[in-house]
Amino acid sequence: MTQPATVGRTVGKILAWIVVVLLVLCAALAIFVVTFDWNRARPWVDDKVSQAIGRPFAINGDLRVGWQHPAGEQGWRAWVPWPRFSAYDITIGNPPWTHSMTFARLDEISFDVEVLPLLAHVIAIPSIDLVNPSIDLERLKDGRANWTFNLPKSNGPSRWTLRLADLSLAKAHIALSDEIEQADFHIDVDTLGQPLPIGEVMKQQETASRGSAEHVIGKRGEQRLEAQVKTASGAQAASAEIAASSPAPSSGASAASASSAASASSQAQGSSAASPGASASAASSASAGGRSSLVYSLAWQAKGRYRKADISGTGKLGGILALRDASRPFPMQADVKIGDTRIALVGTLTDPMHLSSLDLRLWLQGEDLSHLYSILGVTLPQTPPYATDGHLIGHLQTGASVFTYKDFTGRVGGSDLEGTLTYQTRQPRPSLTGHVSSNLLQFSDLAPVIGADSNANKAKRGETVKQPADRALPVEPFHTDRWKAMDADVTFKGRRIVKNPALPITDVDTHVILKDGVLSFDPLNFGVAGGTLSSNFYLDGSKAPLQARMKLAARHLKLKQLFPTQKTMQSALGEVNGDASLSATGNSPAALAGTLNGEAKVLITQGKVSLFIMEAAGLNVANVVYEKLFGTRDIDINCMAADFAATDGVLDTRTFALDTTDALIGMDGKINLRDETMDLTIHPHTKGFRIFTLRSPLYVKGTFKHPDVGVSKTAIALRAGAAIGLGLINPFAALIPLIAPSNEKVTPCSSLIGQMRTAPHAPPPAAHPAH
């Protein structure tokens, strides 16, 4: 029995010594860790990291390792200390082709490592703290970027897994120099004093956007925009309520319809959240557990240059590591000014690591919508100052991302806008589709589209081409290079157009198509004075110079509605009808006019005309001629017909006849659109024995801006006037078969209207017209 006891004591001693040795080793290790100068390991760490990232890496300050009890652990795990690693003054180098030698610099990096997960090959880091990180990003025109690292290829999956719970930083600085995007700016990032919920940030941005909109479109414009937003939000809420209150279907397809209606209702409520005081991302946030849990942790501000324009802005972001959670929307906020354009947004980015989708409230403001081309690559027309407010939904995919600016409202000059536009990135060029409408469209807001606004407005929207003081036709060139950068298919409807109360252009309806550099308005229709002015424009910007084809048709324009404020016109039964077929080449309205070819014909029946009407219509030459012919009297018109032939920018009056109660008036001569000059002779011929104050022809010379109208008393002019007067017996034979007056009453011109048979035509653009 003594032998087993001896064996037991021996085993016990061995175990005791093993425990003692382990304790000694642990104590020695602890003493070693605490007392070891870890700076001796810096060369080894620098070398290993440099090899791993393919860049020079250096810890220029101290490398320290300490031990501390874990915060938040309970039970026996709380007795297992965690090592805390700290490194100071760290630099990461750049490739040799960059302007700066340093890619990144940090004053300090510190992190804890959980001990027990190491046994399962898991590196668990509760938090990494970065102090004053500074990153210098560069990209050259050839595409080389210093943020692309040539990491060594792994032979197989690593046995180790990294688990990082949090990342905090203080006073980060990022410098970006991108020669491809022509960007050169600096961004400073810091932690917020306390997390901010998305609702509070939304309210702050709404207030800021209202203030900036007031600065751009004026206080009155901002108030009207806010009223539009509230009206649109109310309509969306009402639609959602109707959808939600629909009777529940029984089964089958009806059940599917109910599900669809419920989904539509939810989306409508999400859209209505874009109204003041709510989040445009409510719908997506609700599906992710409610937007109340979304908070902003970081703030940033930027300043520099972007595509030759000054850029400045501020914004807020969620926690950096929240970017990894694909199921949780990542909150974003930005308020950026690029040149005279301001872009503000509040909302979320879903699955940020894969850029899955955007859901944002988006405000756009600026001096000219066309300036968005250099910022966003979207081709838009030139406009007066504008401000919009809407909901941006983006689905991000490689090579085929889709962005929809849904149910936006806006002000452009004095006009209101609303609609939905979708921008899709695709090959060979992106596309813009959708619909836009205006309830009240100021006619003057259309002037910048063709460069017809004032030089002061041109300067305000950044256009350097000034309109010469002696030219009436706009000389500002079309930006045809932008037409080749994008395709478009957009409908626009202006329900009411206002120039002034005396000119009732009631509405506009057009379909804009841009494809392969060719811009078409097919059709472009105006409602005018109870009739229609229909047109088709085809502008081929893929050729140099631009080639244009135009067709216009005026039908049943009522004279009394053309001048509703004139009592003398209210008894007029007449109409204006006309047609034109034209072609031209040139890169501006003036250049197109200077190469115009084709025909234009017009007929007016049974009306009245006065000097005041001429002046109100802004007809600078016509009112001077009228005063010379009739003084200040009101004149009854039986009919007027005109037939112009355009050849290389010169309008030739093949036929012009005005039949009034007192006289027959003819005109011949030319109007040169190239230099905006006139050389016309007007021949009055008194009817019967009625007294007519002027029997001598008038000459009209000079320019559009400065006409010269006088009386010609030479014998040749008198004989020419007599000959023209006799020729007015049948002056309409060559005119187009225009539509007869809709009132179907017989007029003095009815017999002549029936003789019109030939429609106008125009040669192809750039073709030499036949003489």
# chains A, B, ... in the order shown; residues from 1 in each chain; ligands from 1
>>> residues_around(residues="Asn525 in chain A", least_positions_apart="2", cutoff="7 Å", atoms="only C-alpha atoms", output="number ranges by chain")
A: 508-510, 523, 527, 532-535
>>> write_last_selection(atoms="N, CA and C atoms", output="tab-separated table (two decimals), in the first residue's frame")
chain	number	residue	atom	x	y	z
A	508	VAL	N	-48.70	75.78	-73.21
A	508	VAL	CA	-47.68	75.18	-74.06
A	508	VAL	C	-47.61	73.69	-73.74
A	509	ASP	N	-47.38	72.93	-74.78
A	509	ASP	CA	-47.28	71.47	-74.62
A	509	ASP	C	-46.20	71.00	-75.59
A	510	THR	N	-45.17	70.32	-75.06
A	510	THR	CA	-44.08	69.89	-75.93
A	510	THR	C	-43.51	68.56	-75.49
A	523	PRO	N	-44.21	67.45	-80.63
A	523	PRO	CA	-44.37	68.79	-81.17
A	523	PRO	C	-44.01	69.84	-80.14
A	527	GLY	N	-51.11	77.28	-77.14
A	527	GLY	CA	-52.48	77.74	-77.27
A	527	GLY	C	-52.46	79.26	-77.27
A	532	THR	N	-54.45	77.67	-82.10
A	532	THR	CA	-53.23	76.91	-81.82
A	532	THR	C	-52.09	77.39	-82.70
A	533	LEU	N	-50.90	77.38	-82.13
A	533	LEU	CA	-49.68	77.61	-82.89
A	533	LEU	C	-48.85	76.34	-82.73
A	534	SER	N	-48.91	75.48	-83.75
A	534	SER	CA	-48.24	74.19	-83.72
A	534	SER	C	-46.92	74.27	-84.47
A	535	SER	N	-45.92	73.55	-83.94
A	535	SER	CA	-44.62	73.58	-84.59
A	535	SER	C	-43.86	72.30	-84.30
>>> residues_around(residues="Asp481 in chain A", least_positions_apart="6", cutoff="10 Å", atoms="only C-alpha atoms", output="ChimeraX atom specification")
/A:379,517,541-542
>>> residues_around(residues="Gln228 in chain A", least_positions_apart="6", cutoff="12 Å", atoms="only C-alpha atoms", output="ChimeraX atom specification")
/A:221-222,234-235,275-276,387-390,407-411,415-418,438-439
>>> atom_distance(atom1="CA of Trp82 in chain A", atom2="CA of Val49 in chain A")
22.8 Å
>>> atom_distance(atom1="CA of Phe403 in chain A", atom2="CA of Met332 in chain A")
16.6 Å
>>> select_by_dssp(residues="range 17-230 of chain A", states="strand (DSSP E)", output="number ranges by chain")
A: 57-59, 63-68, 82-93, 102-112, 122-125, 128-131, 134-139, 161-164, 167-170, 172-178, 183-197
